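Q: Take a look at structure_36.csv, CSV, C-alpha atoms:
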chain,number,residue,atom,x,y,z
A,1,MET,CA,-39.1,27.4,-74.3
A,2,ALA,CA,-35.3,27.1,-74.5
A,3,ALA,CA,-35.0,30.0,-72.1
A,4,ALA,CA,-37.4,28.3,-69.6
A,5,LYS,CA,-35.5,25.0,-69.9
A,6,LEU,CA,-32.2,26.8,-69.3
A,7,ARG,CA,-33.7,28.5,-66.2
A,8,GLY,CA,-34.8,25.1,-64.9
A,9,HIS,CA,-31.3,23.7,-65.3
A,10,PHE,CA,-29.9,26.7,-63.5
A,11,ARG,CA,-32.3,26.2,-60.5
A,12,GLU,CA,-31.4,22.5,-60.3
A,13,ALA,CA,-27.7,23.3,-60.3
A,14,SER,CA,-28.2,26.0,-57.7
A,15,TYR,CA,-30.1,23.6,-55.6
A,16,HIS,CA,-27.3,21.0,-55.7
A,17,VAL,CA,-24.8,23.6,-54.8
A,18,PHE,CA,-26.9,24.8,-51.9
A,19,ASP,CA,-27.5,21.2,-50.8
A,20,MET,CA,-23.8,20.5,-50.9
A,21,LYS,CA,-23.0,23.7,-49.0
A,22,ARG,CA,-25.7,22.9,-46.4
A,23,ARG,CA,-24.2,19.4,-45.8
A,24,GLU,CA,-20.8,20.9,-45.5
A,25,PHE,CA,-22.1,23.4,-43.0
A,26,ILE,CA,-23.8,20.6,-41.0
A,27,LEU,CA,-20.6,18.6,-41.0
A,28,ALA,CA,-18.6,21.7,-40.0
A,29,LEU,CA,-21.2,22.4,-37.3
A,30,GLY,CA,-20.9,18.9,-36.0
A,31,GLY,CA,-17.1,19.3,-35.9
A,32,THR,CA,-17.2,22.5,-33.9
A,33,VAL,CA,-20.1,21.8,-31.6
A,34,ALA,CA,-20.4,18.0,-31.2
A,35,CYS,CA,-16.6,17.5,-30.8
A,36,PRO,CA,-16.3,19.5,-27.6
A,37,PHE,CA,-19.1,17.4,-26.1
A,38,ALA,CA,-17.2,14.3,-27.0
A,39,VAL,CA,-14.0,15.7,-25.4
A,40,HIS,CA,-16.0,16.7,-22.3
A,41,ALA,CA,-17.4,13.1,-22.1
A,42,GLN,CA,-13.9,11.7,-22.3
A,43,GLN,CA,-12.6,14.1,-19.7
A,44,SER,CA,-15.5,13.6,-17.3
A,45,ALA,CA,-15.4,9.8,-17.5
A,46,MET,CA,-14.7,8.4,-14.0
A,47,PRO,CA,-11.0,7.5,-13.5
A,48,VAL,CA,-10.4,4.0,-12.3
A,49,ILE,CA,-7.7,3.2,-9.6
A,50,GLY,CA,-6.4,-0.3,-9.5
A,51,PHE,CA,-5.5,-1.4,-6.0
A,52,LEU,CA,-3.1,-4.3,-5.8
A,53,GLY,CA,-2.5,-5.7,-2.3
A,54,ILE,CA,-1.5,-8.7,-0.3
A,55,ALA,CA,-4.2,-8.7,2.4
A,56,PRO,CA,-8.0,-8.7,2.1
A,57,PRO,CA,-9.5,-5.2,2.3
A,58,ASP,CA,-11.5,-6.1,5.4
A,59,THR,CA,-8.3,-6.7,7.3
A,60,ILE,CA,-6.9,-3.3,6.5
A,61,ALA,CA,-10.0,-1.2,6.8
A,62,ASP,CA,-8.3,1.6,8.8
A,63,ARG,CA,-5.5,1.9,6.3
A,64,LEU,CA,-8.0,2.1,3.3
A,65,ARG,CA,-9.9,4.8,5.2
A,66,ALA,CA,-6.7,6.8,5.4
A,67,PHE,CA,-6.0,6.2,1.7
A,68,ARG,CA,-9.5,7.4,0.8
A,69,ASN,CA,-9.0,10.5,2.9
A,70,GLY,CA,-5.8,11.3,1.0
A,71,LEU,CA,-7.7,10.9,-2.3
A,72,LYS,CA,-10.5,13.1,-1.0
A,73,SER,CA,-8.1,15.9,0.0
A,74,ILE,CA,-7.2,16.1,-3.8
A,75,GLY,CA,-10.8,16.1,-4.8
A,76,TYR,CA,-11.6,12.4,-5.5
A,77,VAL,CA,-14.2,10.4,-3.7
A,78,GLU,CA,-14.7,6.7,-4.4
A,79,GLY,CA,-18.0,6.1,-6.0
A,80,GLU,CA,-18.6,9.7,-6.9
A,81,ASN,CA,-15.9,10.8,-9.2
A,82,ALA,CA,-13.4,7.9,-9.0
A,83,ALA,CA,-13.7,4.1,-8.9
A,84,ILE,CA,-11.4,1.7,-7.2
A,85,VAL,CA,-10.9,-1.9,-8.4
A,86,TYR,CA,-9.5,-4.1,-5.6
A,87,ARG,CA,-7.3,-7.1,-6.3
A,88,TRP,CA,-5.4,-8.9,-3.7
A,89,THR,CA,-3.8,-12.3,-3.0
A,90,GLU,CA,-2.8,-13.7,0.4
A,91,ASN,CA,0.4,-15.7,0.8
A,92,PRO,CA,1.9,-17.1,-1.2
A,93,ASN,CA,2.1,-14.1,-3.5
A,94,ASP,CA,2.5,-16.1,-6.8
A,95,ARG,CA,-0.8,-14.6,-8.2
A,96,LEU,CA,0.4,-11.0,-8.0
A,97,PRO,CA,1.8,-11.0,-11.6
A,98,GLU,CA,-1.5,-12.3,-12.9
A,99,LEU,CA,-3.5,-9.8,-11.0
A,100,ALA,CA,-1.2,-6.9,-12.0
A,101,ALA,CA,-1.6,-7.9,-15.7
A,102,GLU,CA,-5.4,-8.0,-15.2
A,103,LEU,CA,-5.4,-4.4,-14.0
A,104,VAL,CA,-3.2,-3.4,-16.9
A,105,ARG,CA,-5.6,-5.0,-19.4
A,106,ARG,CA,-8.6,-3.4,-17.8
A,107,PRO,CA,-7.1,-0.7,-18.1
A,108,VAL,CA,-6.8,1.5,-15.0
A,109,SER,CA,-5.6,5.1,-14.7
A,110,VAL,CA,-3.2,4.4,-11.9
A,111,ILE,CA,-2.1,1.3,-9.9
A,112,VAL,CA,-1.7,1.5,-6.1
A,113,ALA,CA,0.6,-1.4,-5.1
A,114,ILE,CA,1.4,-2.6,-1.6
A,115,ALA,CA,4.8,-4.1,-0.6
A,116,ASN,CA,5.8,-6.9,-3.0
A,117,ALA,CA,2.8,-6.0,-5.2
A,118,ALA,CA,4.9,-3.1,-6.4
A,119,SER,CA,7.5,-5.3,-8.2
A,120,ALA,CA,4.7,-7.3,-9.9
A,121,ALA,CA,3.1,-4.0,-11.1
A,122,LYS,CA,6.4,-2.7,-12.4
A,123,GLU,CA,6.9,-5.9,-14.4
A,124,ALA,CA,3.4,-5.6,-15.8
A,125,THR,CA,3.6,-2.0,-17.2
A,126,THR,CA,6.0,0.7,-18.1
A,127,THR,CA,3.3,3.2,-19.0
A,128,ILE,CA,0.5,3.1,-16.4
A,129,PRO,CA,1.5,5.2,-13.3
A,130,ILE,CA,2.2,3.2,-10.1
A,131,VAL,CA,2.1,4.5,-6.5
A,132,PHE,CA,3.6,2.1,-3.9
A,133,ILE,CA,4.1,1.5,-0.2
A,134,ALA,CA,7.6,0.1,0.3
A,135,THR,CA,8.7,-1.6,3.5
A,136,GLU,CA,12.4,-0.8,2.8
A,137,ASP,CA,14.6,1.3,0.5
A,138,PRO,CA,12.8,1.3,-2.9
A,139,VAL,CA,16.1,2.0,-4.6
A,140,ARG,CA,17.6,-1.2,-3.2
A,141,LEU,CA,14.4,-3.0,-4.3
A,142,GLY,CA,14.9,-1.7,-7.8
A,143,LEU,CA,11.6,0.1,-7.9
A,144,VAL,CA,13.0,3.6,-8.6
A,145,SER,CA,16.4,5.0,-9.6
A,146,SER,CA,16.5,7.5,-6.8
A,147,LEU,CA,14.2,8.9,-4.1
A,148,ALA,CA,14.4,12.5,-5.3
A,149,ARG,CA,14.1,11.6,-8.9
A,150,PRO,CA,12.2,8.3,-9.2
A,151,GLY,CA,12.2,8.3,-13.1
A,152,GLY,CA,9.9,5.9,-15.0
A,153,ASN,CA,6.3,5.4,-14.0
A,154,LEU,CA,6.7,4.6,-10.2
A,155,THR,CA,6.8,6.7,-7.0
A,156,GLY,CA,5.4,6.2,-3.5
A,157,VAL,CA,6.1,6.0,0.2
A,158,ASN,CA,8.8,4.2,2.2
A,159,ILE,CA,7.6,3.3,5.6
A,160,LEU,CA,11.1,2.3,6.8
A,161,SER,CA,10.2,-1.0,8.4
A,162,ALA,CA,13.5,-2.8,8.0
A,163,GLU,CA,15.4,0.3,9.2
A,164,LEU,CA,13.7,0.3,12.6
A,165,VAL,CA,14.6,-3.3,13.5
A,166,ALA,CA,17.3,-2.5,16.1
A,167,LYS,CA,15.1,0.1,17.8
A,168,ARG,CA,12.2,-2.5,18.1
A,169,LEU,CA,14.6,-5.1,19.6
A,170,GLU,CA,15.8,-2.5,22.1
A,171,LEU,CA,12.2,-1.6,23.1
A,172,LEU,CA,11.3,-5.3,23.6
A,173,ARG,CA,14.2,-5.7,26.0
A,174,GLU,CA,13.3,-2.5,27.8
A,175,ILE,CA,9.7,-3.6,28.5
A,176,ALA,CA,10.8,-7.3,29.2
A,177,PRO,CA,14.3,-7.1,30.7
A,178,ALA,CA,14.6,-10.8,31.2
A,179,THR,CA,14.6,-11.3,27.4
A,180,ALA,CA,17.6,-13.4,26.3
A,181,ARG,CA,16.1,-15.6,23.5
A,182,VAL,CA,13.9,-14.1,20.8
A,183,ALA,CA,11.7,-16.0,18.3
A,184,VAL,CA,11.5,-14.0,15.0
A,185,LEU,CA,8.6,-14.4,12.6
A,186,VAL,CA,9.2,-13.3,9.1
A,187,ASN,CA,7.4,-13.8,5.8
A,188,PRO,CA,9.9,-15.4,3.3
A,189,ALA,CA,8.0,-13.8,0.4
A,190,GLY,CA,8.3,-10.3,1.9
A,191,PRO,CA,10.5,-7.8,0.1
A,192,ALA,CA,12.1,-6.6,3.3
A,193,THR,CA,12.7,-10.0,4.9
A,194,GLU,CA,16.4,-10.4,4.0
A,195,THR,CA,17.2,-7.0,5.3
A,196,THR,CA,15.2,-7.5,8.4
A,197,VAL,CA,17.0,-10.7,9.3
A,198,ARG,CA,20.4,-9.2,8.6
A,199,GLU,CA,19.6,-6.2,10.8
A,200,LEU,CA,18.2,-8.4,13.5
A,201,GLU,CA,21.3,-10.5,13.6
A,202,LEU,CA,23.5,-7.4,14.0
A,203,ALA,CA,21.3,-5.9,16.6
A,204,ALA,CA,21.0,-9.2,18.6
A,205,ARG,CA,24.8,-9.6,18.6
A,206,ALA,CA,25.2,-6.1,20.0
A,207,GLU,CA,22.6,-6.7,22.7
A,208,GLY,CA,23.9,-10.2,23.5
A,209,LEU,CA,20.6,-11.8,22.5
A,210,HIS,CA,20.0,-15.2,20.8
A,211,ILE,CA,17.5,-15.2,17.9
A,212,GLN,CA,15.7,-18.0,16.2
A,213,VAL,CA,14.1,-17.2,12.8
A,214,PHE,CA,10.8,-18.8,11.8
A,215,ASN,CA,9.5,-18.5,8.3
A,216,ALA,CA,5.7,-18.0,8.1
A,217,SER,CA,3.7,-17.3,5.0
A,218,THR,CA,0.4,-19.1,6.0
A,219,SER,CA,-1.7,-19.4,9.1
A,220,ARG,CA,-0.6,-22.9,9.5
A,221,ASP,CA,3.1,-21.8,9.5
A,222,ILE,CA,2.3,-19.4,12.4
A,223,ASP,CA,0.6,-22.2,14.3
A,224,GLU,CA,3.6,-24.5,13.8
A,225,ALA,CA,6.0,-21.8,14.9
A,226,PHE,CA,4.1,-21.3,18.2
A,227,ALA,CA,3.7,-25.0,18.7
A,228,SER,CA,7.5,-25.3,18.8
A,229,PHE,CA,7.5,-23.0,21.8
A,230,VAL,CA,6.2,-25.8,24.0
A,231,HIS,CA,9.6,-27.5,23.8
A,232,ASP,CA,11.8,-24.4,23.3
A,233,ARG,CA,10.1,-21.4,24.8
A,234,PRO,CA,11.5,-18.0,23.8
A,235,ASP,CA,11.5,-15.0,26.2
A,236,GLY,CA,10.0,-12.7,23.5
A,237,ILE,CA,8.6,-12.7,20.0
A,238,PHE,CA,9.6,-10.3,17.3
A,239,VAL,CA,7.1,-10.0,14.4
A,240,GLY,CA,8.5,-8.9,11.1
A,241,GLY,CA,7.0,-5.8,9.4
A,242,ASP,CA,5.0,-7.6,6.7
A,243,PRO,CA,1.3,-6.9,5.8
A,244,PHE,CA,0.7,-10.6,6.1
A,245,PHE,CA,1.2,-10.5,9.8
A,246,THR,CA,-1.1,-7.5,10.2
A,247,SER,CA,-3.9,-9.5,8.5
A,248,ARG,CA,-3.2,-12.4,11.1
A,249,ARG,CA,-3.0,-10.1,14.1
A,250,VAL,CA,-5.8,-11.8,16.0
A,251,GLN,CA,-4.2,-15.2,15.6
A,252,LEU,CA,-0.9,-13.8,16.7
A,253,ALA,CA,-2.3,-12.1,19.8
A,254,ILE,CA,-4.2,-15.2,20.9
A,255,LEU,CA,-1.2,-17.5,20.5
A,256,ALA,CA,1.2,-15.0,22.2
A,257,ALA,CA,-1.3,-14.9,25.2
A,258,ARG,CA,-1.7,-18.6,25.3
A,259,HIS,CA,2.1,-19.1,25.5
A,260,MET,CA,2.5,-16.1,27.8
A,261,VAL,CA,5.2,-14.6,25.6
A,262,PRO,CA,5.8,-10.8,25.2
A,263,MET,CA,5.4,-9.8,21.5
A,264,MET,CA,6.9,-6.9,19.7
A,265,SER,CA,5.5,-5.8,16.3
A,266,SER,CA,5.8,-3.0,13.8
A,267,THR,CA,2.2,-2.0,13.5
A,268,ARG,CA,-0.3,-0.7,16.1
A,269,GLU,CA,-3.0,-3.0,14.8
A,270,ILE,CA,-1.2,-6.0,16.3
A,271,ALA,CA,-0.8,-4.2,19.7
A,272,GLU,CA,-4.5,-3.2,19.6
A,273,ALA,CA,-5.4,-6.9,19.0
A,274,GLY,CA,-3.5,-7.9,22.1
A,275,GLY,CA,0.2,-7.8,21.3
A,276,LEU,CA,2.4,-6.3,24.0
A,277,ILE,CA,4.1,-3.4,22.2
A,278,SER,CA,4.6,-2.0,18.7
A,279,TYR,CA,6.9,0.6,17.2
A,280,GLY,CA,6.9,1.8,13.6
A,281,SER,CA,5.9,4.3,11.1
A,282,ASN,CA,2.5,6.0,11.5
A,283,ILE,CA,0.7,3.8,9.0
A,284,ALA,CA,-2.4,6.0,8.7
A,285,ASP,CA,-0.2,9.0,7.7
A,286,ALA,CA,1.7,6.9,5.1
A,287,TRP,CA,-1.5,5.6,3.5
A,288,ARG,CA,-3.0,9.0,3.4
A,289,GLN,CA,0.1,10.2,1.5
A,290,LEU,CA,-0.5,7.2,-0.8
A,291,GLY,CA,-3.9,8.6,-1.6
A,292,VAL,CA,-2.6,12.1,-2.1
A,293,TYR,CA,-0.1,10.9,-4.6
A,294,ALA,CA,-2.7,8.8,-6.5
A,295,GLY,CA,-5.0,11.8,-6.6
A,296,ARG,CA,-2.2,14.1,-7.9
A,297,ILE,CA,-1.4,11.6,-10.7
A,298,LEU,CA,-5.1,11.5,-11.6
A,299,LYS,CA,-4.8,15.3,-11.9
A,300,GLY,CA,-2.0,14.9,-14.5
A,301,VAL,CA,1.2,15.0,-12.4
A,302,LYS,CA,3.8,12.4,-13.6
A,303,PRO,CA,5.2,9.9,-11.1
A,304,ALA,CA,8.7,10.9,-12.2
A,305,ASP,CA,8.0,14.4,-10.8
A,306,LEU,CA,6.9,13.1,-7.4
A,307,PRO,CA,9.8,12.2,-5.1
A,308,VAL,CA,9.5,9.1,-3.0
A,309,THR,CA,8.5,10.2,0.5
A,310,GLN,CA,10.1,8.8,3.6
A,311,ALA,CA,8.0,8.2,6.7
A,312,THR,CA,8.6,11.0,9.2
A,313,LYS,CA,6.0,10.1,11.9
A,314,PHE,CA,6.6,7.1,14.2
A,315,GLU,CA,4.5,5.8,17.0
A,316,LEU,CA,5.0,3.7,20.1
A,317,VAL,CA,1.9,1.7,21.3
A,318,ILE,CA,1.9,-0.2,24.5
A,319,ASN,CA,-0.9,-2.6,25.6
A,320,LEU,CA,-0.9,-2.2,29.3
A,321,GLN,CA,-3.6,-4.8,29.8
A,322,THR,CA,-1.4,-7.4,28.1
A,323,ALA,CA,1.6,-6.3,30.2
A,324,ARG,CA,-0.4,-6.9,33.4
A,325,MET,CA,-1.5,-10.4,32.1
A,326,LEU,CA,2.2,-11.2,31.5
A,327,GLY,CA,3.2,-9.9,34.9
A,328,LEU,CA,5.4,-7.1,33.5
A,329,SER,CA,5.9,-3.8,35.1
A,330,VAL,CA,6.2,-1.2,32.3
A,331,PRO,CA,8.9,1.4,33.0
A,332,THR,CA,7.4,4.8,33.7
A,333,SER,CA,9.8,6.4,31.2
A,334,LEU,CA,8.5,4.1,28.5
A,335,LEU,CA,4.9,4.9,29.3
A,336,ALA,CA,5.7,8.6,29.2
A,337,THR,CA,7.1,8.4,25.7
A,338,ALA,CA,4.4,6.1,24.3
A,339,ASP,CA,2.0,7.7,21.7
A,340,GLU,CA,-0.8,5.5,23.0
A,341,VAL,CA,-1.2,3.3,26.0
A,342,ILE,CA,-4.0,0.7,25.7
A,343,GLU,CA,-5.7,0.2,29.1
In structure tokens, write the structure found in this file.

A:
Amino acid sequence: MAAAKLRGHFREASYHVFDMKRREFILALGGTVACPFAVHAQQSAMPVIGFLGIAPPDTIADRLRAFRNGLKSIGYVEGENAAIVYRWTENPNDRLPELAAELVRRPVSVIVAIANAASAAKEATTTIPIVFIATEDPVRLGLVSSLARPGGNLTGVNILSAELVAKRLELLREIAPATARVAVLVNPAGPATETTVRELELAARAEGLHIQVFNASTSRDIDEAFASFVHDRPDGIFVGGDPFFTSRRVQLAILAARHMVPMMSSTREIAEAGGLISYGSNIADAWRQLGVYAGRILKGVKPADLPVTQATKFELVINLQTARMLGLSVPTSLLATADEVIE
């Protein structure tokens, strides 16, 4: 009897040991098999790109298409293996810090910031990567420490808008030789406005032109600027290179036609809408590069290792239909050098 009782205790003890070993094995199995699935789930989760702009997406559809093409070239397609959250504010830009903070809280994998949105994004985070479009030297704007070695969490593309001011003024006078007085529209909230006005004043002085600067950050401001032309009509209009004006291109074109004034801009969209002439960086190429950089960052590349790229492609667009309406004869030499002539 004692021996049987002893054997029972032994079986019970053996069972507990076996049960404990079994549970340890299951836990170990969970650690070696289930964990990789968890890691895979984390890695395969769709990355989110936060897009912070200063114009509604429907007004920059072509630019966004170029951006998505850049993303696609790196292997990311919106809605398939990447998501894009759009946030934007029209002038004034006082909501940009709030929207940038919202994207940071979400959180997003990378922030794409346009023009002044870059500064707001930089203030909102020092850890989330930021890819920007700058309209003038990003070092001067305080976005990066240098173009070759950006440092920190920002990099992007400089479309050299302010740097082309003198060339645009020269082209305006070439297509409209009688130009002596130029009305200049600038967005006071734009990051490149101060530089644009300074460069314009220097260029106008060299060309013997008189310029009058109008601040415009709303549709009403644009209307009021053109209303003043009734009493003090300029010979030409120079539109600053700010995204706000691109979003108001139809309004600008209608008003310029109504007042019969030649209009020079920095973006082809304004010339396509009815403006006379545009000269500036190839925006589609710049936005495609923006998408490429965003995609590379999603792949794991650090912003600090991606030098800020400078625009290298520039385009001259002439609206010949508008020129005829204004009674202007476009020089053959100018037509020959144009990248596009709108008939």

Q: Would you please work out which residue, of A:Ile175, A:Ala162, A:Ala271, A:Glu90, is nearest to Gly327 (chain A) when using all atoms listed in the file?

A: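 That would be A:Ile175, the residue with the smallest distance to Gly327 (chain A).
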
Q: Neighbouring residues of region 108-119 of chain A were defined as those with any atom within 9 Å, considering only C-alpha atoms; residues of the same chain fewer than 3 positions away were excluded. Please report them as a ChimeraX atom specification.

A: /A:47-54,85,88,93,96-97,100,103-105,122-124,128-136,141-143,154,156,189-192,242-243,290-291,294,297-298

Q: For Ile84 (chain A), which residue out of A:Ile277, A:Ile270, A:Pro303, A:Gly295 is the nearest one, using only C-alpha atoms?

A: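 Distance minimum relative to Ile84 (chain A) lands on A:Gly295.
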
Q: How far is it from CA of Thr126 (chain A) to CA of Pro188 (chain A), in Å with one decimal?

A: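 According to the coordinates, CA of Thr126 (chain A) and CA of Pro188 (chain A) are separated by 27.1 Å.
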
Q: Mind checking which residues fall within 7 Å of Leu147 (chain A), counting only C-alpha atoms, ignoring those fewer than 3 positions away in the same chain, and posting them as a count of residues only?

A: 3

Q: Identify the residues within 10 Å of coordinate (-2.6, -13.6, 15.1) (same frame as the file), considering only C-alpha atoms, and give the answer as a CSV table (one decimal) with C-alpha atoms, in the coordinates of the input.

A:
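The resulting selection.csv:
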chain,number,residue,atom,x,y,z
A,219,SER,CA,-1.7,-19.4,9.1
A,222,ILE,CA,2.3,-19.4,12.4
A,223,ASP,CA,0.6,-22.2,14.3
A,245,PHE,CA,1.2,-10.5,9.8
A,246,THR,CA,-1.1,-7.5,10.2
A,247,SER,CA,-3.9,-9.5,8.5
A,248,ARG,CA,-3.2,-12.4,11.1
A,249,ARG,CA,-3.0,-10.1,14.1
A,250,VAL,CA,-5.8,-11.8,16.0
A,251,GLN,CA,-4.2,-15.2,15.6
A,252,LEU,CA,-0.9,-13.8,16.7
A,253,ALA,CA,-2.3,-12.1,19.8
A,254,ILE,CA,-4.2,-15.2,20.9
A,255,LEU,CA,-1.2,-17.5,20.5
A,256,ALA,CA,1.2,-15.0,22.2
A,270,ILE,CA,-1.2,-6.0,16.3
A,273,ALA,CA,-5.4,-6.9,19.0
A,274,GLY,CA,-3.5,-7.9,22.1
A,275,GLY,CA,0.2,-7.8,21.3

Q: Kindly give the distance, in Å, that separates CA of Val330 (chain A) and CA of Phe226 (chain A), rounded to a single decimal.

A: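 Rounded to one decimal, the two atoms are 24.6 Å apart.
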
Q: Can you tell me how far CA of Asp137 (chain A) sits from CA of Lys299 (chain A), in Å to one decimal?

A: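 Between CA of Asp137 (chain A) and CA of Lys299 (chain A) the gap is 26.9 Å.
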
Q: So which one's closest to Thr312 (chain A), A:Val186, A:Ile159, A:Ala121, A:Ala180? Using only C-alpha atoms, please.

A: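 Smallest distance to Thr312 (chain A) is found for A:Ile159.
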
Q: Residues at most 6 Å from region 58-65 of chain A, counting all atoms listed in the file, excluding those fewer than 2 positions away in the same chain, as a ChimeraX atom specification?

A: /A:56,67-68,247,284

Q: Using C-alpha atoms, can you write the selected residues to a file as a PDB file, in the frame of the given file?

A:
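What ended up in result31.pdb:
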ATOM      1  CA  PRO A  56      -8.000  -8.700   2.100  1.00  0.00           C
ATOM      2  CA  PHE A  67      -6.000   6.200   1.700  1.00  0.00           C
ATOM      3  CA  ARG A  68      -9.500   7.400   0.800  1.00  0.00           C
ATOM      4  CA  SER A 247      -3.900  -9.500   8.500  1.00  0.00           C
ATOM      5  CA  ALA A 284      -2.400   6.000   8.700  1.00  0.00           C
TER       6      ALA A 284
END

Q: As a CSV table (one decimal) with C-alpha atoms, in the coordinates of the input, please: the residues near Leu200 (chain A) (cut-off 12 Å, all atoms listed in the file, same-chain neighbours under 6 positions excluded).

A:
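After the write, out-v5.csv holds the following:
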chain,number,residue,atom,x,y,z
A,162,ALA,CA,13.5,-2.8,8.0
A,163,GLU,CA,15.4,0.3,9.2
A,164,LEU,CA,13.7,0.3,12.6
A,165,VAL,CA,14.6,-3.3,13.5
A,166,ALA,CA,17.3,-2.5,16.1
A,167,LYS,CA,15.1,0.1,17.8
A,168,ARG,CA,12.2,-2.5,18.1
A,169,LEU,CA,14.6,-5.1,19.6
A,170,GLU,CA,15.8,-2.5,22.1
A,182,VAL,CA,13.9,-14.1,20.8
A,183,ALA,CA,11.7,-16.0,18.3
A,184,VAL,CA,11.5,-14.0,15.0
A,185,LEU,CA,8.6,-14.4,12.6
A,186,VAL,CA,9.2,-13.3,9.1
A,193,THR,CA,12.7,-10.0,4.9
A,194,GLU,CA,16.4,-10.4,4.0
A,206,ALA,CA,25.2,-6.1,20.0
A,207,GLU,CA,22.6,-6.7,22.7
A,208,GLY,CA,23.9,-10.2,23.5
A,209,LEU,CA,20.6,-11.8,22.5
A,210,HIS,CA,20.0,-15.2,20.8
A,211,ILE,CA,17.5,-15.2,17.9
A,212,GLN,CA,15.7,-18.0,16.2
A,213,VAL,CA,14.1,-17.2,12.8
A,238,PHE,CA,9.6,-10.3,17.3
A,239,VAL,CA,7.1,-10.0,14.4
A,240,GLY,CA,8.5,-8.9,11.1

Q: Hey, which of A:Ser329, A:Ala176, A:Ala55, A:Val157 ends up closest to Arg288 (chain A)? Count all atoms listed in the file.

A: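 Smallest distance to Arg288 (chain A) is found for A:Val157.
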
Q: Between A:Tyr293, A:Ser161, A:Met264, A:Gly79, which one has atoms that come closest to Asp305 (chain A), using only C-alpha atoms?

A: A:Tyr293

Q: Considering only C-alpha atoms, can you say which of A:Gln310, A:Asn187, A:Gly300, A:Thr195 comes closest to Phe244 (chain A)?

A: A:Asn187

Q: Generate the coordinates of N, CA and C atoms for region 261-273 of chain A; report them as a PDB file, in the frame of the given file.

A:
ATOM      1  N   VAL A 261       3.956 -15.097  26.122  1.00  0.00           N
ATOM      2  CA  VAL A 261       5.200 -14.600  25.600  1.00  0.00           C
ATOM      3  C   VAL A 261       5.027 -13.118  25.160  1.00  0.00           C
ATOM      4  N   PRO A 262       5.878 -12.185  25.602  1.00  0.00           N
ATOM      5  CA  PRO A 262       5.800 -10.800  25.200  1.00  0.00           C
ATOM      6  C   PRO A 262       6.051 -10.701  23.650  1.00  0.00           C
ATOM      7  N   MET A 263       5.247  -9.904  22.966  1.00  0.00           N
ATOM      8  CA  MET A 263       5.400  -9.800  21.500  1.00  0.00           C
ATOM      9  C   MET A 263       5.554  -8.373  21.042  1.00  0.00           C
ATOM     10  N   MET A 264       6.588  -8.152  20.269  1.00  0.00           N
ATOM     11  CA  MET A 264       6.900  -6.900  19.700  1.00  0.00           C
ATOM     12  C   MET A 264       6.517  -6.914  18.180  1.00  0.00           C
ATOM     13  N   SER A 265       5.846  -5.879  17.685  1.00  0.00           N
ATOM     14  CA  SER A 265       5.500  -5.800  16.300  1.00  0.00           C
ATOM     15  C   SER A 265       5.775  -4.416  15.719  1.00  0.00           C
ATOM     16  N   SER A 266       5.582  -4.262  14.426  1.00  0.00           N
ATOM     17  CA  SER A 266       5.800  -3.000  13.800  1.00  0.00           C
ATOM     18  C   SER A 266       4.577  -2.154  13.597  1.00  0.00           C
ATOM     19  N   THR A 267       3.404  -2.752  13.780  1.00  0.00           N
ATOM     20  CA  THR A 267       2.200  -2.000  13.500  1.00  0.00           C
ATOM     21  C   THR A 267       1.250  -2.007  14.722  1.00  0.00           C
ATOM     22  N   ARG A 268       0.598  -0.880  14.907  1.00  0.00           N
ATOM     23  CA  ARG A 268      -0.300  -0.700  16.100  1.00  0.00           C
ATOM     24  C   ARG A 268      -1.457  -1.658  16.052  1.00  0.00           C
ATOM     25  N   GLU A 269      -1.873  -2.127  14.860  1.00  0.00           N
ATOM     26  CA  GLU A 269      -3.000  -3.000  14.800  1.00  0.00           C
ATOM     27  C   GLU A 269      -2.762  -4.319  15.612  1.00  0.00           C
ATOM     28  N   ILE A 270      -1.491  -4.792  15.613  1.00  0.00           N
ATOM     29  CA  ILE A 270      -1.200  -6.000  16.300  1.00  0.00           C
ATOM     30  C   ILE A 270      -1.204  -5.751  17.852  1.00  0.00           C
ATOM     31  N   ALA A 271      -0.715  -4.579  18.261  1.00  0.00           N
ATOM     32  CA  ALA A 271      -0.800  -4.200  19.700  1.00  0.00           C
ATOM     33  C   ALA A 271      -2.229  -4.018  20.115  1.00  0.00           C
ATOM     34  N   GLU A 272      -3.043  -3.433  19.267  1.00  0.00           N
ATOM     35  CA  GLU A 272      -4.500  -3.200  19.600  1.00  0.00           C
ATOM     36  C   GLU A 272      -5.194  -4.563  19.713  1.00  0.00           C
ATOM     37  N   ALA A 273      -4.733  -5.563  18.949  1.00  0.00           N
ATOM     38  CA  ALA A 273      -5.400  -6.900  19.000  1.00  0.00           C
ATOM     39  C   ALA A 273      -4.998  -7.673  20.225  1.00  0.00           C
TER      40      ALA A 273
END
